[in-house]
Structures are given as C-alpha cells and as structure tokens.
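Engineer: File run.txt below, compact mmCIF, C-alpha atoms:
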# COMPACT_ATOMS: atom_id res chain seq x y z
CA MET A 1 1.25 -109.79 -19.78
CA ALA A 2 0.24 -113.38 -20.53
CA ARG A 3 -2.60 -113.92 -22.94
CA GLU A 4 -5.99 -114.26 -21.24
CA LEU A 5 -8.49 -116.63 -22.83
CA LEU A 6 -11.87 -114.89 -23.15
CA SER A 7 -13.85 -117.39 -25.22
CA GLN A 8 -13.31 -120.55 -27.19
CA LYS A 9 -15.09 -122.44 -29.96
CA ALA A 10 -14.11 -125.36 -32.15
CA THR A 11 -12.99 -123.03 -34.95
CA GLN A 12 -11.58 -120.07 -33.04
CA SER A 13 -10.35 -118.75 -29.70
CA VAL A 14 -10.39 -115.16 -28.45
CA TYR A 15 -7.66 -113.84 -26.15
CA ARG A 16 -6.82 -110.55 -24.52
CA ASP A 17 -3.18 -109.61 -25.02
CA GLY A 18 -2.56 -106.30 -23.25
CA ASP A 19 -4.38 -103.59 -25.16
CA LYS A 20 -5.27 -105.95 -28.01
CA ILE A 21 -7.78 -108.71 -28.72
CA LEU A 22 -6.45 -111.72 -30.62
CA LYS A 23 -8.92 -113.83 -32.56
CA ILE A 24 -7.01 -117.02 -33.37
CA PHE A 25 -8.53 -119.37 -35.93
CA ALA A 26 -8.08 -123.12 -36.20
CA LYS A 27 -5.37 -124.27 -38.61
CA ASP A 28 -7.90 -125.65 -41.10
CA PHE A 29 -10.09 -122.52 -41.02
CA ASP A 30 -10.82 -121.05 -44.45
CA LYS A 31 -8.46 -118.12 -45.10
CA SER A 32 -11.08 -116.37 -47.21
CA GLU A 33 -13.44 -116.29 -44.21
CA VAL A 34 -10.74 -114.63 -42.09
CA PHE A 35 -10.27 -111.87 -44.64
CA HIS A 36 -14.03 -111.57 -45.15
CA GLU A 37 -14.48 -110.88 -41.44
CA ALA A 38 -11.68 -108.34 -41.51
CA PHE A 39 -13.16 -106.68 -44.60
CA ILE A 40 -16.55 -106.21 -42.94
CA ASN A 41 -15.01 -104.81 -39.76
CA THR A 42 -12.91 -102.30 -41.69
CA ARG A 43 -16.00 -101.18 -43.61
CA VAL A 44 -17.97 -100.37 -40.46
CA GLU A 45 -15.27 -99.24 -38.01
CA ASN A 46 -14.99 -95.77 -39.55
CA ILE A 47 -18.71 -95.05 -39.88
CA ASP A 48 -19.44 -91.84 -38.02
CA GLY A 49 -21.50 -92.12 -34.85
CA ILE A 50 -20.97 -95.78 -33.97
CA ASN A 51 -18.24 -97.34 -31.84
CA VAL A 52 -16.51 -100.37 -33.34
CA PRO A 53 -13.15 -101.76 -32.14
CA LYS A 54 -10.67 -101.23 -34.99
CA ILE A 55 -8.60 -103.95 -36.61
CA ILE A 56 -4.89 -103.53 -35.97
CA GLY A 57 -3.64 -106.26 -38.26
CA ILE A 58 -3.87 -109.79 -39.65
CA ARG A 59 -1.03 -112.29 -39.38
CA VAL A 60 -0.12 -115.96 -39.22
CA GLU A 61 1.35 -117.60 -36.12
CA ASP A 62 2.20 -121.31 -35.96
CA GLY A 63 0.06 -121.95 -39.03
CA GLN A 64 -2.99 -120.16 -37.59
CA TRP A 65 -4.52 -116.95 -38.88
CA ILE A 66 -4.92 -114.21 -36.28
CA ILE A 67 -6.97 -111.02 -36.40
CA GLU A 68 -5.73 -108.36 -33.98
CA LYS A 69 -8.23 -105.76 -32.75
CA GLU A 70 -8.40 -102.99 -30.19
CA TYR A 71 -9.27 -104.12 -26.67
CA ILE A 72 -12.17 -102.19 -25.17
CA GLU A 73 -12.29 -102.09 -21.37
CA GLY A 74 -15.76 -102.70 -19.97
CA LYS A 75 -18.50 -105.27 -19.39
CA THR A 76 -20.82 -106.76 -21.93
CA LEU A 77 -24.45 -105.72 -21.73
CA GLN A 78 -25.24 -109.38 -21.03
CA GLN A 79 -23.00 -109.30 -17.95
CA LEU A 80 -24.78 -106.18 -16.72
CA MET A 81 -28.18 -107.79 -17.29
CA ASP A 82 -27.11 -110.86 -15.33
CA GLU A 83 -25.68 -108.76 -12.48
CA ASN A 84 -28.59 -106.31 -12.28
CA PRO A 85 -31.83 -108.11 -13.25
CA ASP A 86 -33.86 -105.23 -11.77
CA LYS A 87 -32.47 -102.97 -14.51
CA LEU A 88 -33.58 -105.20 -17.40
CA ASP A 89 -35.99 -102.61 -18.82
CA GLU A 90 -33.28 -99.93 -18.75
CA TYR A 91 -30.74 -102.18 -20.49
CA ILE A 92 -33.26 -103.30 -23.11
CA GLY A 93 -34.01 -99.64 -23.83
CA LYS A 94 -30.33 -98.82 -24.35
CA MET A 95 -29.93 -101.88 -26.53
CA VAL A 96 -32.82 -100.83 -28.78
CA ASP A 97 -31.49 -97.27 -28.98
CA LEU A 98 -28.11 -98.57 -30.16
CA GLN A 99 -29.70 -100.82 -32.76
CA LEU A 100 -31.82 -97.93 -34.07
CA LEU A 101 -28.64 -95.88 -34.42
CA ILE A 102 -27.04 -98.66 -36.47
CA PHE A 103 -30.09 -98.70 -38.76
CA THR A 104 -29.51 -95.04 -39.68
CA LYS A 105 -26.14 -95.93 -41.24
CA LYS A 106 -25.22 -97.20 -44.70
CA ALA A 107 -22.51 -99.63 -45.84
CA PRO A 108 -23.13 -100.09 -49.59
CA LEU A 109 -20.23 -102.49 -50.18
CA LEU A 110 -21.59 -105.12 -47.80
CA GLN A 111 -23.58 -108.14 -48.97
CA LYS A 112 -27.34 -107.68 -49.29
CA LEU A 113 -29.24 -109.44 -46.52
CA ARG A 114 -31.89 -110.64 -48.97
CA ASP A 115 -29.26 -112.50 -51.00
CA LYS A 116 -27.79 -114.06 -47.87
CA LEU A 117 -31.20 -115.25 -46.60
CA THR A 118 -32.10 -116.67 -50.02
CA TYR A 119 -28.85 -118.64 -50.11
CA GLN A 120 -29.41 -119.98 -46.58
CA ILE A 121 -33.00 -121.04 -47.22
CA ASN A 122 -32.09 -122.74 -50.50
CA GLY A 123 -29.32 -124.62 -48.70
CA LEU A 124 -31.56 -125.88 -45.88
CA ASN A 125 -32.14 -129.58 -46.53
CA THR A 126 -34.41 -130.22 -43.52
CA ILE A 127 -37.49 -128.53 -45.02
CA ASP A 128 -39.74 -129.68 -47.87
CA SER A 129 -40.01 -127.89 -51.21
CA SER A 130 -43.41 -126.41 -50.36
CA THR A 131 -42.11 -124.74 -47.19
CA ARG A 132 -39.04 -123.49 -49.04
CA TYR A 133 -41.24 -121.98 -51.75
CA GLU A 134 -43.46 -120.24 -49.18
CA LEU A 135 -40.46 -118.82 -47.34
CA LEU A 136 -38.78 -117.52 -50.49
CA THR A 137 -42.08 -116.07 -51.76
CA ARG A 138 -42.53 -114.18 -48.50
CA LEU A 139 -38.93 -112.97 -48.57
CA GLU A 140 -39.37 -111.65 -52.10
CA SER A 141 -42.55 -109.79 -51.09
CA MET A 142 -40.92 -107.94 -48.18
CA PRO A 143 -39.91 -104.27 -48.66
CA LYS A 144 -36.40 -103.84 -50.04
CA HIS A 145 -34.31 -101.67 -47.72
CA PHE A 146 -30.55 -101.09 -47.59
CA LYS A 147 -29.90 -100.19 -43.97
CA LEU A 148 -26.82 -101.36 -42.11
CA VAL A 149 -27.78 -104.43 -40.08
CA HIS A 150 -25.48 -106.21 -37.64
CA GLY A 151 -26.78 -109.74 -38.15
CA ASP A 152 -25.97 -110.96 -34.63
CA PHE A 153 -27.16 -108.10 -32.46
CA ARG A 154 -27.24 -109.45 -28.91
CA PRO A 155 -26.29 -108.23 -25.39
CA SER A 156 -23.07 -110.26 -25.34
CA ASN A 157 -21.84 -108.38 -28.43
CA ILE A 158 -22.26 -104.97 -26.78
CA ILE A 159 -19.42 -103.73 -24.56
CA VAL A 160 -20.34 -100.98 -22.11
CA LYS A 161 -17.50 -98.80 -20.85
CA ASP A 162 -17.48 -97.13 -17.43
CA ASP A 163 -18.57 -93.85 -19.01
CA GLY A 164 -21.66 -95.56 -20.48
CA SER A 165 -20.49 -95.54 -24.10
CA MET A 166 -21.26 -98.73 -25.99
CA TYR A 167 -19.09 -100.59 -28.49
CA LEU A 168 -20.55 -103.19 -30.83
CA ILE A 169 -18.37 -106.19 -31.70
CA ASP A 170 -18.54 -109.31 -33.91
CA TRP A 171 -19.62 -107.81 -37.24
CA VAL A 172 -18.95 -110.92 -39.32
CA HIS A 173 -22.68 -111.34 -40.15
CA ALA A 174 -23.30 -107.69 -41.03
CA SER A 175 -25.05 -106.81 -44.29
CA GLN A 176 -27.41 -104.23 -45.76
CA GLY A 177 -31.13 -104.87 -45.70
CA ASN A 178 -34.43 -104.54 -43.87
CA ALA A 179 -34.16 -103.46 -40.23
CA SER A 180 -37.12 -105.59 -39.16
CA ALA A 181 -35.33 -108.72 -40.33
CA ASP A 182 -32.46 -107.86 -37.97
CA VAL A 183 -34.98 -107.22 -35.19
CA ALA A 184 -36.54 -110.62 -35.79
CA ARG A 185 -33.08 -112.17 -35.54
CA THR A 186 -32.41 -110.43 -32.21
CA TYR A 187 -35.84 -111.42 -30.94
CA ILE A 188 -35.05 -115.08 -31.66
CA ILE A 189 -31.65 -114.81 -29.96
CA LEU A 190 -33.21 -113.31 -26.83
CA TYR A 191 -36.20 -115.68 -26.85
CA LEU A 192 -33.92 -118.73 -26.76
CA LYS A 193 -32.27 -117.39 -23.59
CA ASN A 194 -34.91 -115.25 -21.83
CA LYS A 195 -38.46 -115.07 -23.20
CA ASP A 196 -39.32 -112.11 -20.96
CA ALA A 197 -36.36 -110.09 -22.27
CA ALA A 198 -37.35 -110.97 -25.84
CA GLU A 199 -40.89 -109.68 -25.40
CA LYS A 200 -39.66 -106.49 -23.70
CA TYR A 201 -37.23 -105.91 -26.54
CA TYR A 202 -39.93 -106.54 -29.16
CA ALA A 203 -42.34 -104.12 -27.47
CA ASP A 204 -39.71 -101.42 -26.99
CA PHE A 205 -38.56 -101.51 -30.61
CA CYS A 206 -42.10 -101.37 -31.96
CA ALA A 207 -43.06 -98.52 -29.61
CA LYS A 208 -40.01 -96.39 -30.45
CA THR A 209 -40.40 -96.88 -34.21
CA ASN A 210 -44.20 -96.94 -34.40
CA THR A 211 -43.92 -100.32 -36.09
CA ASP A 212 -46.75 -102.83 -35.96
CA LYS A 213 -45.59 -106.03 -34.25
CA SER A 214 -47.24 -108.07 -36.99
CA TYR A 215 -44.83 -106.63 -39.56
CA VAL A 216 -41.74 -107.74 -37.65
CA HIS A 217 -43.50 -111.02 -36.92
CA LYS A 218 -43.71 -111.74 -40.65
CA TRP A 219 -39.93 -112.02 -40.75
CA LEU A 220 -39.80 -114.77 -38.11
CA PRO A 221 -40.26 -117.79 -40.44
CA ILE A 222 -37.60 -116.44 -42.82
CA VAL A 223 -35.04 -115.70 -40.12
CA ALA A 224 -35.83 -118.90 -38.21
CA ALA A 225 -35.14 -120.93 -41.37
CA ALA A 226 -31.82 -119.13 -41.85
CA ASN A 227 -30.88 -119.87 -38.23
CA LEU A 228 -31.57 -123.58 -38.75
CA THR A 229 -28.59 -123.73 -41.11
CA LYS A 230 -26.34 -123.31 -38.05
CA ASN A 231 -27.32 -126.84 -36.92
CA ARG A 232 -27.69 -126.14 -33.22
CA PRO A 233 -29.75 -129.02 -31.73
CA GLU A 234 -30.85 -126.98 -28.70
CA GLU A 235 -32.55 -124.43 -31.01
CA LYS A 236 -34.06 -126.83 -33.55
CA GLU A 237 -37.49 -127.39 -31.99
CA ILE A 238 -38.39 -123.74 -31.35
CA LEU A 239 -37.05 -122.59 -34.74
CA GLU A 240 -39.01 -125.24 -36.60
CA SER A 241 -42.18 -124.14 -34.76
CA TRP A 242 -41.81 -120.73 -36.46
CA LEU A 243 -41.43 -122.02 -40.02
CA ASN A 244 -45.12 -122.19 -40.86
CA VAL A 245 -45.76 -119.07 -42.93
CA ALA A 246 -49.54 -119.45 -42.71
CA ASP A 247 -49.43 -119.40 -38.90
CA LEU A 248 -47.38 -116.19 -38.83
CA MET A 249 -49.28 -113.94 -41.22
Represent the structure of the file as structure tokens.

Structural biologist:
Amino acid sequence: MARELLSQKATQSVYRDGDKILKIFAKDFDKSEVFHEAFINTRVENIDGINVPKIIGIRVEDGQWIIEKEYIEGKTLQQLMDENPDKLDEYIGKMVDLQLLIFTKKAPLLQKLRDKLTYQINGLNTIDSSTRYELLTRLESMPKHFKLVHGDFRPSNIIVKDDGSMYLIDWVHASQGNASADVARTYIILYLKNKDAAEKYYADFCAKTNTDKSYVHKWLPIVAAANLTKNRPEEKEILESWLNVADLM
C-alpha cells in the first residue's frame, strides 16, 4: 500500500502506511523534540482507562526522523461534528466526558503545566512588563494541581471508532497541572473556530463538575498569553483581547 498523506505542516508530515501512522519531521527539526514527543506518548499510552495509539518505533529515513505509531481506524470527532451539526450537543457531551476521564489520571514524570506557562509568558515579547507581572501573579495564585492534562484537547485530536470508543492523539503538549487551565485552552481552541460550540463546551464542563464559570474564566488571560507565543496572525486579535487580567476577574 502506498503511503497516504493525512496532514502536512512546514515542520512535519503525517502519513498512513498500512496499519501504521508515520510522522515524518523536516530534516532540520530538532532531534530532542522528536524524542520528547515520543517520551510523552510512551508515558501516557499505558495508563489504564484511556485509549492512546502506541508508538511502534523511531527511525531515520533519508535524513528525516520518523515516529511510527499504531493506525486507528475511524473518524475524528471534528469530522463527525461537521457531518452531523444537529448532533453538536451530543458530541460536545462525549468530548467533555473524555476530558474528565483524562483529568482523573496521573503522569508524575511529565512537565508541570505551571512551569511551562511561566516559561511561555516570560518569553512573550509582545506584552509590556506590567501585563507580564499581572499574568504571572495570577498564575502563581491559582490552585496547584497535578492532574494529567492533554494541552491540545480538541475535536480533531479525538478519533472515534465504529464501536464508539475514542482514542486521543497528539500528546506532545501534555503535562500535569490544573484541569481548568486545560479547559480554558480547549475553550479558546473552539472559540476561534465555532463560538457556539465553545460556549456549549464551557457550559457542559461547568455543569458536570459543579465548577463556577468564573473560576475557569480566570485562566483565560494566562492561557491566551501562552497561545500568543505560537505567532498565529489569525488568532492574535482575539487572544490579545483576553490578556487584561482586570477585565477577567
């Protein structure tokens, strides 16, 4: 079977090759980042109760690093949402249930989310020192939790098999930290694509966990600042509108 291109970015391409997924990195991609991604995946793939495609191996081909993973047959939750817009509430509910399951797990060898956010905010050169201070002060005041968080929890990273089981992919941003920070991240991701889906997701999470929306809301400036480090022009305006700590108390 010829390789089938599934997605492509400047730094990496993802192919299906029979019963495997090949993630092929650009020749100048940092080797340490390849092994870091593989390390995180291997730490979470054997956690009881969650479905994560397992890494088969890492190798070099024509000067490019390749991570080989299991191929999972199914559609992404994003595809299902696009194909069945009338089932949005149902899909959002399943998405929240999966995320809540992830939050019950531990992965003590992963990086702490608080450290990662601090590093990102300190490295953001598009904000003034006063805003940086306010963001870091708020981050320090937030409750310190050590739950497993995915870091990029979105419908396109959830594969749904025909039997309804769900597999979560792309764990490169996973860490241990406060669940509400991860929820704020997912809210931002959804908001940038579909504001209605974002609000439904927000409401469903808060209802199922008996969490006050204002608490999750307090994470928005912190997570928005971290997202600005990705330098995506199409996101810049909305993310910057969430940076004012005083407006999001």

Engineer: Can you work out which one of A:Lys147, A:Arg59, A:Lys213, A:Lys31 has the shortest atom-to-atom distance to A:Arg114, counting only C-alpha atoms?

Structural biologist: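 Looking at the shortest contact to A:Arg114, the residue is A:Lys147.
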
Engineer: Which is closest to A:Met81 among A:Asn231, A:Asn122, A:Arg154, A:Leu192, if we use all atoms listed in the file?

Structural biologist: A:Arg154

Engineer: Can you tell me, as a PyMOL selection string, which residues sit within 12 Å of (-42.7, -118.6, -48.7) in the file's frame, using only C-alpha atoms?

Structural biologist: chain A and resi 118+121-122+127-142+218-223+225+243-249

Engineer: Show me the residues around (-26.3, -102.9, -37.8) - criterion: an atom at most 6 Å away, only C-alpha atoms counted - as a tab-separated table (two decimals) with C-alpha atoms, in the frame of the given file.

Structural biologist:
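Final output, saved to result-v2.tsv:
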chain	number	residue	atom	x	y	z
A	102	ILE	CA	-27.04	-98.66	-36.47
A	103	PHE	CA	-30.09	-98.70	-38.76
A	148	LEU	CA	-26.82	-101.36	-42.11
A	149	VAL	CA	-27.78	-104.43	-40.08
A	150	HIS	CA	-25.48	-106.21	-37.64

Engineer: Determine the nearest neighbour of A:Arg185 from the options A:Asp212, A:Asp152, A:Asp170, A:Asp89, counting only C-alpha atoms.

Structural biologist: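 Distance minimum relative to A:Arg185 lands on A:Asp152.
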
Engineer: Rounded to one decimal place, report the atom CA of A:Ala179-atom CA of A:Lys23 distance in Å.

Structural biologist: 28.3 Å

Engineer: What separation in Å, quoted to one decimal, exists between atom CA of A:Asn157 and atom CA of A:Tyr119?

Structural biologist: 25.0 Å

Engineer: Any idea what's packed within 12 Å of A:Val52, counting all atoms listed in the file, ignoring anything in its chain fewer than 6 positions away? Could you give it as a list in words?

Structural biologist: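 So, after excluding close chain neighbours, the residues are Ile40, Asn41, Thr42, Arg43, Val44, Glu45, Asn46, Lys69, Glu70, Tyr71, Ile72, Ile102, His150, Asn157, Ile158, Ile159, Val160, Ser165, Met166, Tyr167, Leu168, Ile169, Asp170 and Trp171 of chain A.
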
Engineer: Extract, using all atoms listed in the file, all DNA, RNA and protein residues at most 8 Å from A:Asp17, discarding same-chain residues fewer than 4 positions from it, and format them as number ranges by chain.

Structural biologist: A: 1-4, 21-22

Engineer: Which residue out of A:Val96, A:Ile50, A:Leu228, A:Leu80 has the minimum interatomic distance to A:Tyr187 when only C-alpha atoms are used?

Structural biologist: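 Answer, going by the shortest atom-to-atom distance: A:Val96.
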
Engineer: In Å, how far is it from atom CA of A:Val183 to atom CA of A:Ile55?

Structural biologist: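 About the pair atom CA of A:Val183 and atom CA of A:Ile55: they are 26.6 Å apart.
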
Engineer: For stretch 229-248 of chain A, I'd like the enclosing box, axis-aligned and padded by 3 Å on every side, reported as JSON with centre and edge lengths in Å to one decimal.

Structural biologist:
{"center_x": -37.9, "center_y": -122.6, "center_z": -35.8, "size_x": 29.2, "size_y": 18.8, "size_z": 20.2}

Engineer: Ranking A:Lys161, A:Lys116, A:Lys193, A:Lys208 by minimum distance to A:Asn227 and counting only C-alpha atoms, which one comes first?

Structural biologist: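 Distance minimum relative to A:Asn227 lands on A:Lys116.
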
Engineer: Set the distance at 6 Å and use all atoms listed in the file: which residues neighbour A:Gly177 once local chain neighbours fewer than 4 positions away are removed? I'd like the list as a list of chain:residue names.

Structural biologist: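 Listed by chain and then number, they are A:Lys112, A:Leu113, A:His145, A:Phe146, A:Lys147.
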
Engineer: Smallest atom-to-atom distance to A:Ala107: which of A:Val60, A:Ala174, A:Ala198, A:Leu77, using only C-alpha atoms?

Structural biologist: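 When distances to A:Ala107 are compared using only C-alpha atoms, the smallest one comes from A:Ala174.
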